[in-house]
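A.B. asks: The structure's right below; bear with me while I get my questions together.
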Amino acid sequence: MYQAPRGTQDILPEDEKYWRYVEGTASRVAELFGYGRIRTPTFEDTSLFVRGVGETTDIVNKEMYTFQDKGGDSLTLRPENTAAVLRAYLEHGFASRPQPVKMYYLGSMYRYDRPQAGRLREFHQFGCEVVGDGAPTVDAEVIMLAWRFFEGLGLRELTVQLNSIGCPECRRAFHRLLVEHFASHKEELCEDCRRRLDTNPLRLLDCKNPQCQPAIATAPSSADHLCEACAQHFGDLKEMLGALDLPVVLNPRLVRGLDYYTRTVFEIWPPAVGAQSALGGGGRYDILMEELGGKPTAGIGFATGIERIILNVQAQEIQLPEVAVPCLYVAFMGDQARIPALLLADQARRRGIPAVSALSPRSLKAQMKHANNLGVRYAFILGEQEVADGTVTVRDMAESRQWQEARETALTRLLPTKG
Ligand code: AMP
């Protein structure tokens with residue numbers, strides 16, 4: 001027996017209500033803020049992600065699904081979507097459009113990760129990107145959008161974890177401080193962190209290994225070592241978020257896993273759990289466009305994980321809007337009613353009435369049982385006599401009543417009635 005590959009899952013029809021709810025809320029909120037949807041390919045040139053996500057990151061080093069196609073090109077299933085959105089911005093000359101360009105996306109991402117609850121190898125993200133404006137107001141709006149999305153879903157007790165990691169200039173000075181600090185605690189660090197000390201010292205700050213926690217607790221904070229411009233930017237942002245009254249928690253340990261971030265970084269955390277189960281996160285990436293070969297262009301964005309959000313929607317027992325069930329079942333008895341039944345179901349659907357046809361000949365009892373299981377409100381029954389005189393037997397499943405009438409009036413009766 002085949003099974004879905006490890007770290008992937010089927011999303012079954014009965015789960016659809018969750019997906020529709022989360023994705024529908026995402027599109028609605030993003031469009032309320034004036035963002036347009038962008039759909040980029042599921043795979044891109046490998047080098048886009050190596051440059052865009054960063055050579056020292058776990059994503060590039062351990063988690064990419066990279067393959068060579070039959071033409072010999074190295075391609076990678078997208079592990080995230082920001083680099084692809086910026087590639088599209090450059091490719092389509094979006095710099096000549098009014099700035100900033102605001103985009104959102106919904107789609108599958110791929111990371112070769114150790115599967116567990118809320119961590120898959122194929123997962124789905126809703127994300128937003130705003131490209132072409134570096135003002136702190138943009139950061140505030142992006143965080144507000146993320147917040148309104150989670151609020152719109154009805155999720156409670158979330159927090160916005162916020163930090164600033166500065167620009168490359170203030171980061172250089174901060175890196176030196178960090179390396180100095182951690183070098184003096186080298187014996188206490190885990191193996192990964194000793195390696196990161198040379199490659200990406202910022203990432204030591206979000207190591208989860210208990211062994212490293214004492215050294216992390218006494219490490220300097222990036223937000224205390226910002227250059228004047230970055231400090232001003234962060235100060236303005238905090239003031240704006242304060243005015244918006246969002247539950248912001250300043251978190252000096254928040255650095256995020258991707259190399260391209262500058263200044264603002266943030267995550268949305270569910271109640272009582274840490275970054276491992278973040279519902280979403282993002283930040284500013286003012287140096288990324290240059291990295292990808294464009295002119296210096298400010299940008300900021302975030303991504304949220306739909307599977308994780310659905311787990312939280314279920315855990316918080318949020319009431320979802322009901323997905324409509326078909327309101328009509330068309331049953332038939334006898335060969336000569338078979339085609340008229342198909343046509344009658346078609347007529348119903350063409351008027352917008354969701355209808356399910358009985359397909360194989362079965363006893364009326366079996367057909368009514370099927371109709372009951374589907375939860376339809378009405379069944380139309382066509383037999384020899386109904387075919388002969390152009391009528392239909394209508395059965396009101398809820399009230400267990402039935403009567404015979406002209407097909408036209410029976411269909412009209414269903415129009416204003418909800419199933
Ligand atoms: P990241 O791009 O790593 O910041 O991820 C943004 C969001 O995507 C996270 O907060 C998660 O909600 C979700 N996410 C990231 N990786 C995975 C994964 N392997 N499985 C499921 N969701 C994920």
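Chains: A, B, ... in order of the structure tokens. Residues: from 1 per chain. Ligands: from 1, in order shown.
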Neighbours of ligand 1 within 8 Å, counting only C-alpha atoms and all ligand atoms, as number ranges by chain?

C.D. replies: A: 79-80, 110-115, 118-125, 256-258, 267-268, 275, 277-282, 302-309

A.B. asks: Go ahead and write the selection's residues with N, CA and C atoms as a JSON list (two decimals), in the first residue's frame.

C.D. replies:
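Listing of result_28.json after writing:
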```json
[["chain", "number", "residue", "atom", "x", "y", "z"],
["A", 79, "PRO", "N", 11.42, 26.83, -0.42],
["A", 79, "PRO", "CA", 11.33, 26.63, 1.02],
["A", 79, "PRO", "C", 10.66, 27.82, 1.69],
["A", 80, "GLU", "N", 10.53, 28.93, 0.97],
["A", 80, "GLU", "CA", 9.89, 30.15, 1.46],
["A", 80, "GLU", "C", 9.62, 30.99, 0.23],
["A", 110, "TYR", "N", 8.31, 23.88, 0.93],
["A", 110, "TYR", "CA", 8.93, 22.56, 1.12],
["A", 110, "TYR", "C", 10.23, 22.68, 1.90],
["A", 111, "ARG", "N", 10.29, 21.98, 3.01],
["A", 111, "ARG", "CA", 11.55, 21.95, 3.78],
["A", 111, "ARG", "C", 11.77, 20.54, 4.30],
["A", 112, "TYR", "N", 12.98, 20.04, 4.09],
["A", 112, "TYR", "CA", 13.32, 18.71, 4.58],
["A", 112, "TYR", "C", 13.65, 18.86, 6.07],
["A", 113, "ASP", "N", 12.62, 18.70, 6.89],
["A", 113, "ASP", "CA", 12.72, 18.96, 8.32],
["A", 113, "ASP", "C", 12.28, 17.69, 9.03],
["A", 114, "ARG", "N", 12.50, 17.60, 10.33],
["A", 114, "ARG", "CA", 12.04, 16.42, 11.07],
["A", 114, "ARG", "C", 10.56, 16.58, 11.37],
["A", 115, "PRO", "N", 9.70, 15.74, 10.76],
["A", 115, "PRO", "CA", 8.26, 15.97, 10.92],
["A", 115, "PRO", "C", 7.80, 15.77, 12.35],
["A", 118, "GLY", "N", 2.64, 20.11, 13.65],
["A", 118, "GLY", "CA", 2.86, 21.48, 13.21],
["A", 118, "GLY", "C", 4.17, 21.69, 12.48],
["A", 119, "ARG", "N", 4.87, 20.62, 12.16],
["A", 119, "ARG", "CA", 6.11, 20.74, 11.37],
["A", 119, "ARG", "C", 6.10, 19.67, 10.29],
["A", 120, "LEU", "N", 5.95, 20.11, 9.06],
["A", 120, "LEU", "CA", 5.82, 19.19, 7.94],
["A", 120, "LEU", "C", 6.91, 19.47, 6.91],
["A", 121, "ARG", "N", 7.01, 18.57, 5.96],
["A", 121, "ARG", "CA", 7.97, 18.79, 4.87],
["A", 121, "ARG", "C", 7.30, 19.53, 3.72],
["A", 122, "GLU", "N", 6.03, 19.27, 3.54],
["A", 122, "GLU", "CA", 5.24, 20.13, 2.64],
["A", 122, "GLU", "C", 4.23, 20.84, 3.53],
["A", 123, "PHE", "N", 4.27, 22.15, 3.57],
["A", 123, "PHE", "CA", 3.32, 22.90, 4.38],
["A", 123, "PHE", "C", 2.87, 24.11, 3.57],
["A", 124, "HIS", "N", 1.94, 24.86, 4.13],
["A", 124, "HIS", "CA", 1.35, 25.97, 3.38],
["A", 124, "HIS", "C", 1.50, 27.27, 4.14],
["A", 125, "GLN", "N", 1.76, 28.31, 3.41],
["A", 125, "GLN", "CA", 1.91, 29.62, 4.06],
["A", 125, "GLN", "C", 0.98, 30.66, 3.43],
["A", 256, "ARG", "N", 15.39, 35.30, 14.23],
["A", 256, "ARG", "CA", 14.84, 34.65, 13.04],
["A", 256, "ARG", "C", 15.90, 33.92, 12.22],
["A", 257, "GLY", "N", 15.45, 32.92, 11.47],
["A", 257, "GLY", "CA", 16.37, 31.98, 10.86],
["A", 257, "GLY", "C", 16.94, 32.35, 9.51],
["A", 258, "LEU", "N", 16.54, 33.47, 8.95],
["A", 258, "LEU", "CA", 16.99, 33.77, 7.60],
["A", 258, "LEU", "C", 17.98, 34.93, 7.63],
["A", 267, "GLU", "N", 7.57, 37.96, 15.44],
["A", 267, "GLU", "CA", 6.88, 36.67, 15.32],
["A", 267, "GLU", "C", 5.55, 36.77, 16.06],
["A", 268, "ILE", "N", 4.61, 35.94, 15.64],
["A", 268, "ILE", "CA", 3.35, 35.85, 16.35],
["A", 268, "ILE", "C", 3.35, 34.53, 17.09],
["A", 275, "ALA", "N", 9.13, 29.94, 20.43],
["A", 275, "ALA", "CA", 9.33, 30.18, 19.00],
["A", 275, "ALA", "C", 9.19, 28.92, 18.15],
["A", 277, "SER", "N", 6.91, 26.97, 17.96],
["A", 277, "SER", "CA", 5.57, 26.79, 17.42],
["A", 277, "SER", "C", 4.98, 28.12, 16.95],
["A", 278, "ALA", "N", 5.84, 29.06, 16.59],
["A", 278, "ALA", "CA", 5.36, 30.37, 16.11],
["A", 278, "ALA", "C", 4.33, 30.17, 15.00],
["A", 279, "LEU", "N", 3.29, 30.98, 15.05],
["A", 279, "LEU", "CA", 2.26, 30.89, 14.00],
["A", 279, "LEU", "C", 2.70, 31.65, 12.76],
["A", 280, "GLY", "N", 3.59, 32.60, 12.96],
["A", 280, "GLY", "CA", 4.06, 33.36, 11.81],
["A", 280, "GLY", "C", 5.21, 34.24, 12.22],
["A", 281, "GLY", "N", 5.91, 34.74, 11.23],
["A", 281, "GLY", "CA", 7.01, 35.63, 11.56],
["A", 281, "GLY", "C", 7.49, 36.34, 10.32],
["A", 282, "GLY", "N", 8.24, 37.41, 10.55],
["A", 282, "GLY", "CA", 8.75, 38.13, 9.40],
["A", 282, "GLY", "C", 9.69, 39.22, 9.83],
["A", 302, "PHE", "N", 6.02, 39.06, 5.98],
["A", 302, "PHE", "CA", 5.90, 38.00, 6.98],
["A", 302, "PHE", "C", 5.26, 36.79, 6.32],
["A", 303, "ALA", "N", 5.42, 35.64, 6.97],
["A", 303, "ALA", "CA", 4.74, 34.42, 6.51],
["A", 303, "ALA", "C", 4.14, 33.72, 7.71],
["A", 304, "THR", "N", 3.00, 33.10, 7.49],
["A", 304, "THR", "CA", 2.33, 32.36, 8.57],
["A", 304, "THR", "C", 2.09, 30.94, 8.09],
["A", 305, "GLY", "N", 2.08, 29.99, 9.01],
["A", 305, "GLY", "CA", 1.91, 28.59, 8.64],
["A", 305, "GLY", "C", 0.47, 28.14, 8.81],
["A", 306, "ILE", "N", -0.16, 27.75, 7.70],
["A", 306, "ILE", "CA", -1.60, 27.46, 7.76],
["A", 306, "ILE", "C", -1.90, 26.21, 8.58],
["A", 307, "GLU", "N", -1.08, 25.15, 8.45],
["A", 307, "GLU", "CA", -1.33, 23.93, 9.25],
["A", 307, "GLU", "C", -1.29, 24.25, 10.74],
["A", 308, "ARG", "N", -0.28, 25.03, 11.14],
["A", 308, "ARG", "CA", -0.18, 25.39, 12.56],
["A", 308, "ARG", "C", -1.35, 26.25, 13.01],
["A", 309, "ILE", "N", -1.79, 27.12, 12.14],
["A", 309, "ILE", "CA", -2.93, 27.98, 12.49],
["A", 309, "ILE", "C", -4.16, 27.10, 12.69]]
```

A.B. asks: Show me, as a list of chain:residue names, the residues that have an atom within 8 Å of Thr82 of chain A when counting only C-alpha atoms, minus same-chain residues fewer than 4 positions from it.

C.D. replies: A:Leu86, A:Glu129, A:Gly301

A.B. asks: Run DSSP on the backbone and tell me which residues of segment 163-296 of chain A come out as strand (DSSP E); list them as a list of chain:residue names.

C.D. replies: A:Asn163, A:Ser164, A:Val248, A:Val249, A:Leu250, A:Thr262, A:Arg263, A:Thr264, A:Val265, A:Phe266, A:Glu267, A:Ile268, A:Trp269, A:Gly280, A:Gly281, A:Gly282, A:Gly283, A:Arg284

A.B. asks: Selection from above, C-alpha atoms, as an mmCIF file, in the first residue's frame, can you write it?

C.D. replies:
```
data_model
loop_
_atom_site.group_PDB
_atom_site.id
_atom_site.type_symbol
_atom_site.label_atom_id
_atom_site.label_comp_id
_atom_site.auth_asym_id
_atom_site.auth_seq_id
_atom_site.Cartn_x
_atom_site.Cartn_y
_atom_site.Cartn_z
ATOM 1 C CA ASN A 163 12.985 43.037 18.087
ATOM 2 C CA SER A 164 15.315 45.088 15.921
ATOM 3 C CA VAL A 248 3.670 43.592 21.727
ATOM 4 C CA VAL A 249 6.399 41.876 23.757
ATOM 5 C CA LEU A 250 9.937 43.176 23.222
ATOM 6 C CA THR A 262 17.540 43.971 8.778
ATOM 7 C CA ARG A 263 16.051 46.181 11.485
ATOM 8 C CA THR A 264 12.563 44.952 12.431
ATOM 9 C CA VAL A 265 11.969 41.259 13.143
ATOM 10 C CA PHE A 266 8.782 39.871 14.648
ATOM 11 C CA GLU A 267 6.878 36.674 15.324
ATOM 12 C CA ILE A 268 3.345 35.851 16.352
ATOM 13 C CA TRP A 269 3.279 33.354 19.205
ATOM 14 C CA GLY A 280 4.061 33.357 11.806
ATOM 15 C CA GLY A 281 7.010 35.630 11.561
ATOM 16 C CA GLY A 282 8.745 38.128 9.399
ATOM 17 C CA GLY A 283 10.837 41.205 9.215
ATOM 18 C CA ARG A 284 12.454 43.894 7.170
#
```

A.B. asks: Might you pull out every residue within 12 Å of segment 313-325 of chain A, with only C-alpha atoms counted and same-chain residues fewer than 4 positions away left off, and present them as a compact mmCIF listing (two decimals) with N, CA, C and O atoms, in the first residue's frame?

C.D. replies:
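The file below, selection28.txt, is the result:
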```txt
# COMPACT_ATOMS: atom_id res chain seq x y z
N PRO A 13 -11.70 16.22 2.14
CA PRO A 13 -12.86 17.09 1.98
C PRO A 13 -13.44 17.57 3.32
O PRO A 13 -13.87 18.71 3.44
N GLU A 14 -13.39 16.70 4.35
CA GLU A 14 -13.98 17.12 5.62
C GLU A 14 -13.13 18.18 6.34
O GLU A 14 -13.58 18.82 7.28
N ASP A 15 -11.88 18.36 5.91
CA ASP A 15 -11.03 19.40 6.50
C ASP A 15 -11.17 20.73 5.77
O ASP A 15 -10.62 21.74 6.18
N GLU A 16 -11.88 20.68 4.65
CA GLU A 16 -11.94 21.84 3.77
C GLU A 16 -12.44 23.08 4.49
O GLU A 16 -11.98 24.19 4.24
N LYS A 17 -13.36 22.89 5.45
CA LYS A 17 -13.92 24.08 6.11
C LYS A 17 -12.83 24.88 6.83
O LYS A 17 -12.88 26.11 6.85
N TYR A 18 -11.82 24.18 7.37
CA TYR A 18 -10.75 24.91 8.05
C TYR A 18 -9.90 25.69 7.05
O TYR A 18 -9.53 26.83 7.27
N TRP A 19 -9.59 25.02 5.94
CA TRP A 19 -8.74 25.67 4.94
C TRP A 19 -9.44 26.87 4.33
O TRP A 19 -8.84 27.93 4.13
N ARG A 20 -10.71 26.69 4.03
CA ARG A 20 -11.47 27.78 3.43
C ARG A 20 -11.55 28.97 4.40
O ARG A 20 -11.42 30.12 4.01
N TYR A 21 -11.73 28.63 5.67
CA TYR A 21 -11.85 29.66 6.70
C TYR A 21 -10.54 30.47 6.81
O TYR A 21 -10.54 31.69 6.76
N VAL A 22 -9.43 29.73 6.90
CA VAL A 22 -8.15 30.42 7.11
C VAL A 22 -7.72 31.15 5.84
O VAL A 22 -7.34 32.33 5.88
N GLY A 24 -9.60 32.06 3.32
CA GLY A 24 -10.57 33.12 3.01
C GLY A 24 -10.33 34.35 3.88
O GLY A 24 -10.35 35.48 3.38
N THR A 25 -10.05 34.12 5.16
CA THR A 25 -9.77 35.26 6.05
C THR A 25 -8.49 35.96 5.60
O THR A 25 -8.42 37.20 5.58
N PHE A 150 -5.00 37.27 12.37
CA PHE A 150 -5.19 36.32 13.48
C PHE A 150 -6.43 36.68 14.29
O PHE A 150 -7.17 35.80 14.74
N GLU A 151 -6.66 37.96 14.46
CA GLU A 151 -7.84 38.42 15.19
C GLU A 151 -9.10 38.03 14.42
O GLU A 151 -10.08 37.56 15.00
N GLY A 152 -9.03 38.19 13.08
CA GLY A 152 -10.17 37.83 12.23
C GLY A 152 -10.50 36.35 12.32
O GLY A 152 -11.65 35.95 12.13
N LEU A 153 -9.51 35.53 12.60
CA LEU A 153 -9.74 34.09 12.75
C LEU A 153 -10.37 33.77 14.11
O LEU A 153 -10.84 32.66 14.33
N GLY A 154 -10.31 34.74 15.01
CA GLY A 154 -10.88 34.52 16.35
C GLY A 154 -9.87 33.90 17.31
O GLY A 154 -10.24 33.47 18.40
N LEU A 155 -8.59 33.86 16.92
CA LEU A 155 -7.58 33.27 17.83
C LEU A 155 -7.33 34.23 18.99
O LEU A 155 -7.25 35.44 18.81
N ARG A 156 -7.21 33.65 20.18
CA ARG A 156 -7.07 34.47 21.39
C ARG A 156 -5.69 34.26 22.02
O ARG A 156 -5.02 33.27 21.77
N GLU A 157 -5.34 35.24 22.85
CA GLU A 157 -4.12 35.16 23.69
C GLU A 157 -2.83 35.03 22.90
O GLU A 157 -1.90 34.35 23.33
N LEU A 158 -2.77 35.64 21.73
CA LEU A 158 -1.52 35.63 20.97
C LEU A 158 -0.70 36.85 21.37
O LEU A 158 -1.24 37.82 21.91
N PRO A 270 1.59 31.74 19.77
CA PRO A 270 0.37 31.30 20.46
C PRO A 270 0.62 31.33 21.97
O PRO A 270 1.77 31.48 22.39
N PRO A 271 -0.43 31.19 22.80
CA PRO A 271 -0.24 31.27 24.24
C PRO A 271 0.69 30.17 24.75
O PRO A 271 0.65 29.04 24.27
N LEU A 279 3.29 30.98 15.05
CA LEU A 279 2.26 30.89 14.00
C LEU A 279 2.70 31.65 12.76
O LEU A 279 2.22 31.38 11.66
N ILE A 306 -0.16 27.75 7.70
CA ILE A 306 -1.60 27.46 7.76
C ILE A 306 -1.90 26.21 8.58
O ILE A 306 -2.84 26.19 9.38
N GLU A 307 -1.08 25.15 8.45
CA GLU A 307 -1.33 23.93 9.25
C GLU A 307 -1.29 24.25 10.74
O GLU A 307 -2.14 23.81 11.51
N ARG A 308 -0.28 25.03 11.14
CA ARG A 308 -0.18 25.39 12.56
C ARG A 308 -1.35 26.25 13.01
O ARG A 308 -1.84 26.11 14.13
N ILE A 309 -1.79 27.12 12.14
CA ILE A 309 -2.93 27.98 12.49
C ILE A 309 -4.16 27.10 12.69
O ILE A 309 -4.91 27.26 13.65
N TYR A 329 -31.19 15.94 -3.77
CA TYR A 329 -30.73 14.63 -4.24
C TYR A 329 -31.73 14.18 -5.29
O TYR A 329 -32.94 14.26 -5.08
N ILE A 353 -28.73 25.54 -7.73
CA ILE A 353 -29.13 24.65 -6.63
C ILE A 353 -28.13 23.50 -6.56
O ILE A 353 -28.02 22.73 -7.52
N PRO A 354 -27.37 23.36 -5.46
CA PRO A 354 -26.41 22.26 -5.38
C PRO A 354 -27.14 20.92 -5.37
O PRO A 354 -28.03 20.71 -4.54
N ALA A 355 -26.81 20.05 -6.31
CA ALA A 355 -27.58 18.81 -6.46
C ALA A 355 -26.66 17.62 -6.65
O ALA A 355 -25.63 17.71 -7.32
N VAL A 356 -27.04 16.48 -6.05
CA VAL A 356 -26.29 15.23 -6.19
C VAL A 356 -27.20 14.23 -6.89
O VAL A 356 -28.36 14.08 -6.51
N ALA A 371 -29.32 9.80 0.42
CA ALA A 371 -29.73 11.21 0.51
C ALA A 371 -29.66 11.69 1.96
O ALA A 371 -29.18 12.79 2.25
N ASN A 372 -30.12 10.84 2.86
CA ASN A 372 -30.09 11.18 4.29
C ASN A 372 -28.67 11.39 4.78
O ASN A 372 -28.38 12.34 5.51
N ASN A 373 -27.78 10.49 4.37
CA ASN A 373 -26.38 10.59 4.79
C ASN A 373 -25.73 11.88 4.30
O ASN A 373 -24.87 12.44 4.96
N LEU A 374 -26.14 12.31 3.13
CA LEU A 374 -25.57 13.55 2.58
C LEU A 374 -26.12 14.78 3.29
O LEU A 374 -25.57 15.86 3.19
N GLY A 375 -27.24 14.60 3.99
CA GLY A 375 -27.83 15.73 4.73
C GLY A 375 -28.61 16.69 3.84
O GLY A 375 -28.78 17.86 4.18
N VAL A 376 -29.08 16.21 2.66
CA VAL A 376 -29.83 17.12 1.79
C VAL A 376 -31.22 17.40 2.38
O VAL A 376 -31.75 16.61 3.15
N ARG A 377 -31.78 18.54 1.99
CA ARG A 377 -33.10 18.88 2.49
C ARG A 377 -34.20 18.19 1.67
O ARG A 377 -35.19 17.73 2.20
N TYR A 378 -33.99 18.13 0.32
CA TYR A 378 -35.03 17.56 -0.56
C TYR A 378 -34.48 16.44 -1.42
O TYR A 378 -33.32 16.47 -1.82
N LYS A 418 -33.12 27.51 1.60
CA LYS A 418 -31.77 27.01 1.89
C LYS A 418 -31.85 25.54 2.26
O LYS A 418 -32.82 25.09 2.84
N GLY A 419 -30.83 24.81 1.94
CA GLY A 419 -30.77 23.40 2.30
C GLY A 419 -30.53 23.19 3.77
O GLY A 419 -30.29 24.11 4.51
```

A.B. asks: So, with only C-alpha atoms as the atoms that count, which of A:Arg97, A:Arg253, A:His225, A:Arg148 lies closest to Leu202 of chain A?

C.D. replies: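 Selected residue with least distance to Leu202 of chain A: A:Arg253.
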
A.B. asks: Could you pull out the residues in segment 211-337 of chain A that DSSP calls helix (DSSP H, G or I) from the backbone, as a PyMOL selection string?

C.D. replies: chain A and resi 211-217+222-225+228-244+275-277+288-291+306-315+335-337

A.B. asks: Given the selection you just returned, output its residues as a file containing N, CA and C atoms, formatted as a CSV table (one decimal), in the first residue's frame.

C.D. replies:
```
chain,number,residue,atom,x,y,z
A,211,GLN,N,21.7,23.7,27.3
A,211,GLN,CA,23.1,23.9,27.6
A,211,GLN,C,23.6,25.3,27.3
A,212,CYS,N,23.0,25.9,26.3
A,212,CYS,CA,23.4,27.3,25.9
A,212,CYS,C,22.7,28.4,26.6
A,213,GLN,N,21.6,28.1,27.3
A,213,GLN,CA,20.8,29.1,27.9
A,213,GLN,C,21.5,30.1,28.8
A,214,PRO,N,22.4,29.6,29.7
A,214,PRO,CA,23.0,30.6,30.6
A,214,PRO,C,23.8,31.6,29.8
A,215,ALA,N,24.6,31.2,28.8
A,215,ALA,CA,25.4,32.1,28.0
A,215,ALA,C,24.5,33.1,27.2
A,216,ILE,N,23.3,32.6,26.7
A,216,ILE,CA,22.4,33.4,26.0
A,216,ILE,C,21.8,34.5,26.9
A,217,ALA,N,21.5,34.1,28.1
A,217,ALA,CA,20.8,35.0,29.1
A,217,ALA,C,21.6,36.2,29.3
A,222,SER,N,20.7,43.2,20.6
A,222,SER,CA,21.0,44.0,19.4
A,222,SER,C,20.3,45.4,19.6
A,223,ALA,N,19.1,45.4,20.2
A,223,ALA,CA,18.3,46.6,20.3
A,223,ALA,C,19.0,47.7,21.1
A,224,ASP,N,20.0,47.2,22.0
A,224,ASP,CA,20.7,48.2,22.8
A,224,ASP,C,22.0,48.7,22.0
A,225,HIS,N,22.2,48.2,20.8
A,225,HIS,CA,23.4,48.6,20.1
A,225,HIS,C,23.1,49.0,18.7
A,228,GLU,N,22.2,55.3,15.1
A,228,GLU,CA,21.2,56.3,15.4
A,228,GLU,C,20.0,56.1,14.6
A,229,ALA,N,20.2,55.9,13.3
A,229,ALA,CA,19.1,55.8,12.3
A,229,ALA,C,18.2,54.6,12.7
A,230,CYS,N,18.8,53.5,13.0
A,230,CYS,CA,18.1,52.2,13.3
A,230,CYS,C,17.3,52.4,14.6
A,231,ALA,N,18.0,53.1,15.6
A,231,ALA,CA,17.3,53.3,16.9
A,231,ALA,C,16.1,54.2,16.7
A,232,GLN,N,16.2,55.2,15.8
A,232,GLN,CA,15.1,56.1,15.6
A,232,GLN,C,13.9,55.3,14.9
A,233,HIS,N,14.3,54.4,13.9
A,233,HIS,CA,13.3,53.6,13.2
A,233,HIS,C,12.6,52.7,14.2
A,234,PHE,N,13.3,52.1,15.1
A,234,PHE,CA,12.7,51.1,16.0
A,234,PHE,C,11.9,51.9,17.0
A,235,GLY,N,12.4,53.0,17.4
A,235,GLY,CA,11.6,53.9,18.4
A,235,GLY,C,10.3,54.3,17.8
A,236,ASP,N,10.3,54.7,16.5
A,236,ASP,CA,9.1,55.1,15.9
A,236,ASP,C,8.1,54.0,15.8
A,237,LEU,N,8.6,52.8,15.4
A,237,LEU,CA,7.8,51.6,15.2
A,237,LEU,C,7.1,51.3,16.6
A,238,LYS,N,7.9,51.3,17.6
A,238,LYS,CA,7.3,50.9,18.9
A,238,LYS,C,6.2,51.9,19.3
A,239,GLU,N,6.4,53.2,19.0
A,239,GLU,CA,5.4,54.2,19.3
A,239,GLU,C,4.1,53.9,18.5
A,240,MET,N,4.3,53.6,17.3
A,240,MET,CA,3.1,53.3,16.4
A,240,MET,C,2.3,52.1,16.9
A,241,LEU,N,3.1,51.0,17.2
A,241,LEU,CA,2.4,49.8,17.7
A,241,LEU,C,1.8,50.0,19.1
A,242,GLY,N,2.4,50.9,19.9
A,242,GLY,CA,1.7,51.3,21.1
A,242,GLY,C,0.4,51.9,20.9
A,243,ALA,N,0.4,52.9,19.9
A,243,ALA,CA,-0.9,53.6,19.6
A,243,ALA,C,-1.9,52.6,19.1
A,244,LEU,N,-1.5,51.6,18.4
A,244,LEU,CA,-2.4,50.6,17.8
A,244,LEU,C,-2.9,49.6,18.9
A,275,ALA,N,9.1,29.9,20.4
A,275,ALA,CA,9.3,30.2,19.0
A,275,ALA,C,9.2,28.9,18.1
A,276,GLN,N,9.4,27.7,18.7
A,276,GLN,CA,9.3,26.5,18.0
A,276,GLN,C,7.9,26.3,17.3
A,277,SER,N,6.9,27.0,18.0
A,277,SER,CA,5.6,26.8,17.4
A,277,SER,C,5.0,28.1,17.0
A,288,LEU,N,18.1,42.7,0.8
A,288,LEU,CA,17.9,41.5,0.0
A,288,LEU,C,17.8,41.8,-1.5
A,289,MET,N,17.2,42.9,-1.9
A,289,MET,CA,17.1,43.2,-3.3
A,289,MET,C,18.4,43.3,-4.0
A,290,GLU,N,19.4,43.9,-3.3
A,290,GLU,CA,20.7,44.0,-3.9
A,290,GLU,C,21.4,42.7,-4.0
A,291,GLU,N,21.1,41.9,-3.0
A,291,GLU,CA,21.7,40.5,-3.0
A,291,GLU,C,21.2,39.7,-4.2
A,306,ILE,N,-0.2,27.7,7.7
A,306,ILE,CA,-1.6,27.5,7.8
A,306,ILE,C,-1.9,26.2,8.6
A,307,GLU,N,-1.1,25.1,8.5
A,307,GLU,CA,-1.3,23.9,9.2
A,307,GLU,C,-1.3,24.3,10.7
A,308,ARG,N,-0.3,25.0,11.1
A,308,ARG,CA,-0.2,25.4,12.6
A,308,ARG,C,-1.3,26.2,13.0
A,309,ILE,N,-1.8,27.1,12.1
A,309,ILE,CA,-2.9,28.0,12.5
A,309,ILE,C,-4.2,27.1,12.7
A,310,ILE,N,-4.4,26.1,11.8
A,310,ILE,CA,-5.5,25.3,11.9
A,310,ILE,C,-5.5,24.5,13.2
A,311,LEU,N,-4.3,24.0,13.6
A,311,LEU,CA,-4.2,23.3,14.9
A,311,LEU,C,-4.6,24.2,16.0
A,312,ASN,N,-4.3,25.5,15.9
A,312,ASN,CA,-4.7,26.4,17.0
A,312,ASN,C,-6.2,26.7,16.9
A,313,VAL,N,-6.7,26.8,15.7
A,313,VAL,CA,-8.2,27.1,15.6
A,313,VAL,C,-8.9,25.9,16.2
A,314,GLN,N,-8.4,24.7,16.0
A,314,GLN,CA,-9.1,23.5,16.6
A,314,GLN,C,-8.9,23.5,18.1
A,315,ALA,N,-7.7,23.8,18.5
A,315,ALA,CA,-7.4,23.7,20.0
A,315,ALA,C,-8.3,24.8,20.7
A,335,ASP,N,-35.0,2.1,-15.7
A,335,ASP,CA,-34.1,2.5,-16.7
A,335,ASP,C,-34.6,3.8,-17.5
A,336,GLN,N,-35.9,3.9,-17.7
A,336,GLN,CA,-36.4,5.0,-18.5
A,336,GLN,C,-36.3,6.3,-17.7
A,337,ALA,N,-36.1,6.3,-16.4
A,337,ALA,CA,-35.9,7.5,-15.6
A,337,ALA,C,-34.5,7.9,-15.4
```

A.B. asks: List the spatial neighbours of Thr76 of chain A as a list in words - criterion: any atom at most 6 Å away, only C-alpha atoms, same-chain residues fewer than 4 positions off excluded.

C.D. replies: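 Those residues are Phe43, Glu44, Thr46, Tyr65 and Thr66 of chain A.
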
A.B. asks: Restricting the calculation to only C-alpha atoms: of A:Thr159, A:Gln367, A:Gln385, A:Thr199, which residue gets closest to Thr56 of chain A?

C.D. replies: A:Thr199

A.B. asks: For a quick check of understanding, using only C-alpha atoms, which of A:Gly383, A:Gly294, A:Gly134, A:Pro247 has the smallest distance to Pro100 of chain A?

C.D. replies: A:Gly134

A.B. asks: So what do you get for atom CA of Ser47 of chain A versus atom CA of Leu90 of chain A, distance-wise?

C.D. replies: 15.6 Å

A.B. asks: I need the residue nearest Asp389 of chain A from this list: A:Asp346, A:Asp133, A:Asp58, A:Glu405. Use only C-alpha atoms for the distance.

C.D. replies: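 The shortest atom-to-atom distance to Asp389 of chain A comes from A:Glu405.
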